[in-house]
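All remarks here apply to the structure that follows.
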Amino acid sequence: MLMKAAPQNSDLAMGQSSFDLARIRADFPILQAKVHGKPLVYFDNGATSQKPQAVIDALAHYYQAENSNIHRGVHYLSEQATASYEAARGKVRNFINARADKEIIFVRGTTEGINLVAQSYGRSFLKTGDEIIVSAMEHHSNIVPWQMLCEQVGAKLRVIPINHDGEIVMEEYRRLLNDKTKFVAVTHVSNALGTIVPAKEIVSLAHERGLPVLLDGAQAVPHLQVDVQDLGCDFYAFSGHKMFGPTGVGVLYGRAELLEKMPPYQGGGDMISLVTFEKTHYNVLPYKFEAGTPHISGGIGLGAAIDYLSALDWPQVSAHEHRLLDYATDALSRIDGLRIIGTAKQKAGVLSFVFDHVHAHDVGTILDQEGVAVRAGHHCAMPVMQRFGVPATTRASFAFYNTIDEIDVMARAIERVLKVFG
Ligand SMILES: Cc1ncc(COP(=O)(O)O)c(C=O)c1O
């Protein structure tokens, strides 16, 4: 017997009265799917989340009824599409409590948002000898753009260490801040460990020295109610596809004061107000940073995802997600030889684990046979793997539509893995 007795609990016992899980699940058509003949258990939400029917409908509606290019059109469809796209920008502003629509820049995703800041702000305001602080738990997309900038301008990357639970060591952060520091870029929630980072404190320590801070919100926005004014950050980047919206669209929030000072990231249509061969004048915010035809349907679909999320009861969502994480942590801790990587006190929706004698890919493959979708690998956070001395982890990442019963299915599937690998 590999598993000790699991606690008795079921979705029905916990869910239906205060949080209508069955109704929420019915909003996501793919959750009814079968995989290898078994009901799909989707625990790869950290990589990308599923989409509610309302988002799928918004995308279809755009192509069926509004398809047209935006901003420059004088005809009806173009005006309709422009209005829908710009309404989505307003929804994003409201959702993260930015001050103005012009602070919301549509990008392809978190990765592009961070690259935009590194190339536009970084190349303009950083120089040889300057230092950029990141943490040891960053996703590659909050490491590599800064390394590229360092190569371009001769700056140096400094890394805040994390402790054995996967938490930022704040004393080390304080120690790293010095006169050479010119920028701080950290994640809000770690994709590999689930750690919720004390972002507000990180921002305020940087601001005491007048330093701008970018937060990578890719894993935070699906789980937390993000308020950029309360966080105080200067930039906040996130991806639509991880927050129940379409792929290929994301958001960079930037404080208008800083965005105004930054040069465009890319050149092309829409980001200009006047072009001559002698001189080009750039458009106003946010269009200065949105060269070319944008992902129009994506922006509109993201707006629909925000409408969906805004209609949820967030204290209930949050309580449900915590129950899922606590239950899964408890259930998996009972499995012999399983080690959880990432045991921070403040965590959101992620459970990474390893076995000494079974590779994460083998765990993932057998779980897939049972219909359970998890991610196995380095999760684009190789330095985190190095920090914990493991080549890879198996990661289950939850969303509010997941259930306690699904966690039981995963735990039983892991038991099967151990039977296969002895
Ligand atoms: C913390 C974090 N940052 C950045 C990214 C990159 O997001 P995208 O690939 O959508 O640009 C991810 C994606 O997994 C992530 O988890």
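Identifiers in the structure tokens: chain A, B, ... in order shown; residue index from 1 per chain; ligand index from 1 in order shown.
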Item to check | Selection within 9 Å of ligand 1 by only C-alpha atoms and all ligand atoms, output as a ChimeraX atom specification | outcome: /A:46-48,108-114,137-142,187-192,216-220,237-242,247-250,379-381
Next on the checklist: Which residues are near Pro145 (chain A)? Cut-off 7 Å, only C-alpha atoms, ignore same chain within fewer than 4 positions. Put them as a list of chain:residue names.
Outcome noted: A:Asn115, A:Ala118, A:Ser141, A:Leu149
With C-alpha atoms retained, export the selected residues as a compact mmCIF listing (two decimals), in the first residue's frame.
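Heads up, here's the output in again.txt:
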```
# COMPACT_ATOMS: atom_id res chain seq x y z
CA ASN A 115 10.69 42.38 -23.81
CA ALA A 118 13.58 45.73 -21.43
CA SER A 141 10.78 35.26 -19.92
CA LEU A 149 19.64 43.99 -22.36
```
Item to check | Which of region 79-291 of chain A DSSP labels strand (DSSP E), written as a ChimeraX atom specification | outcome: /A:104-107,131-135,156-160,181-187,213-216,235-239,250-254,272-275,280-282
Create the file for the chosen residues now, containing C-alpha atoms and written as a PDB file, in the first residue's frame.
```pdb
ATOM      1  CA  ILE A 104      -3.026  49.445 -21.024  1.00  0.00           C
ATOM      2  CA  ILE A 105      -0.919  48.220 -23.921  1.00  0.00           C
ATOM      3  CA  PHE A 106      -2.081  45.161 -25.795  1.00  0.00           C
ATOM      4  CA  VAL A 107       0.816  42.810 -26.512  1.00  0.00           C
ATOM      5  CA  GLU A 131      22.391  46.610 -12.218  1.00  0.00           C
ATOM      6  CA  ILE A 132      19.050  44.892 -12.757  1.00  0.00           C
ATOM      7  CA  ILE A 133      17.574  42.757  -9.978  1.00  0.00           C
ATOM      8  CA  VAL A 134      15.520  39.640 -10.672  1.00  0.00           C
ATOM      9  CA  SER A 135      14.749  36.710  -8.370  1.00  0.00           C
ATOM     10  CA  LYS A 156      24.673  43.352 -14.829  1.00  0.00           C
ATOM     11  CA  LEU A 157      21.977  40.972 -13.649  1.00  0.00           C
ATOM     12  CA  ARG A 158      21.749  40.441  -9.875  1.00  0.00           C
ATOM     13  CA  VAL A 159      19.649  37.617  -8.478  1.00  0.00           C
ATOM     14  CA  ILE A 160      17.725  37.556  -5.193  1.00  0.00           C
ATOM     15  CA  THR A 181      20.612  49.259  -9.176  1.00  0.00           C
ATOM     16  CA  LYS A 182      18.490  50.768 -11.940  1.00  0.00           C
ATOM     17  CA  PHE A 183      15.613  48.311 -12.339  1.00  0.00           C
ATOM     18  CA  VAL A 184      13.811  45.545 -10.442  1.00  0.00           C
ATOM     19  CA  ALA A 185      11.842  42.800 -12.264  1.00  0.00           C
ATOM     20  CA  VAL A 186      10.247  40.004 -10.245  1.00  0.00           C
ATOM     21  CA  THR A 187       7.400  37.596 -10.575  1.00  0.00           C
ATOM     22  CA  VAL A 213       9.647  47.816 -10.737  1.00  0.00           C
ATOM     23  CA  LEU A 214       8.117  45.405 -13.231  1.00  0.00           C
ATOM     24  CA  LEU A 215       5.969  42.568 -11.929  1.00  0.00           C
ATOM     25  CA  ASP A 216       5.428  39.442 -13.997  1.00  0.00           C
ATOM     26  CA  PHE A 235       4.893  47.847 -15.023  1.00  0.00           C
ATOM     27  CA  TYR A 236       2.730  44.725 -14.837  1.00  0.00           C
ATOM     28  CA  ALA A 237       2.707  42.091 -17.594  1.00  0.00           C
ATOM     29  CA  PHE A 238       0.286  39.200 -18.075  1.00  0.00           C
ATOM     30  CA  SER A 239      -1.112  36.803 -20.689  1.00  0.00           C
ATOM     31  CA  GLY A 250      -1.724  39.879 -23.346  1.00  0.00           C
ATOM     32  CA  VAL A 251      -1.292  43.120 -21.518  1.00  0.00           C
ATOM     33  CA  LEU A 252       1.491  45.376 -20.450  1.00  0.00           C
ATOM     34  CA  TYR A 253       0.355  47.891 -17.868  1.00  0.00           C
ATOM     35  CA  GLY A 254       2.734  50.800 -17.481  1.00  0.00           C
ATOM     36  CA  ILE A 272       2.573  56.984 -35.826  1.00  0.00           C
ATOM     37  CA  SER A 273       0.733  60.266 -36.151  1.00  0.00           C
ATOM     38  CA  LEU A 274       2.721  61.600 -39.152  1.00  0.00           C
ATOM     39  CA  VAL A 275       5.321  59.983 -41.396  1.00  0.00           C
ATOM     40  CA  THR A 280       8.150  60.511 -38.144  1.00  0.00           C
ATOM     41  CA  HIS A 281       5.965  61.645 -35.259  1.00  0.00           C
ATOM     42  CA  TYR A 282       4.765  58.928 -32.956  1.00  0.00           C
TER      43      TYR A 282
END
```
Item to check | For Leu224 (chain A): contacts at 12 Å, only C-alpha atoms, fewer than 3 positions along chain excluded, given as a PyMOL selection string | outcome: chain A and resi 95-96+188-189+196-197+217-221+227-228+243+309+314-319+321-322+346-349+399-400
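The space separating CA of Gly267 (chain A) from CA of Cys150 (chain A) comes to 22.8 Å.
Proximity to Glu201 (chain A) was assessed for A:Arg375, A:Thr403, A:Pro263, A:Cys233 counting only C-alpha atoms; the smallest distance is recorded for A:Cys233.
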Checklist entry - DSSP on the backbone: what in region 58-295 of chain A comes out helix (DSSP H, G or I), as number ranges by chain? => result A: 58-66, 76-96, 101-103, 110-125, 140-142, 144-153, 170-176, 199-207, 228-231, 240-243, 256-261, 287-289
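Summary of the local environment: counting only C-alpha atoms, residues at most 8 Å from Leu285 (chain A), other than itself and those fewer than 5 positions away along its chain, are Lys102, Glu103, Ala256, Leu259 and Glu260 of chain A.
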Item to check | Shell around Thr329 (chain A) at 10 Å using only C-alpha atoms, local window under 2 positions removed, as an MDAnalysis selection string | outcome: chainID A and resid 323:327 331:334 340 343 350:353 407
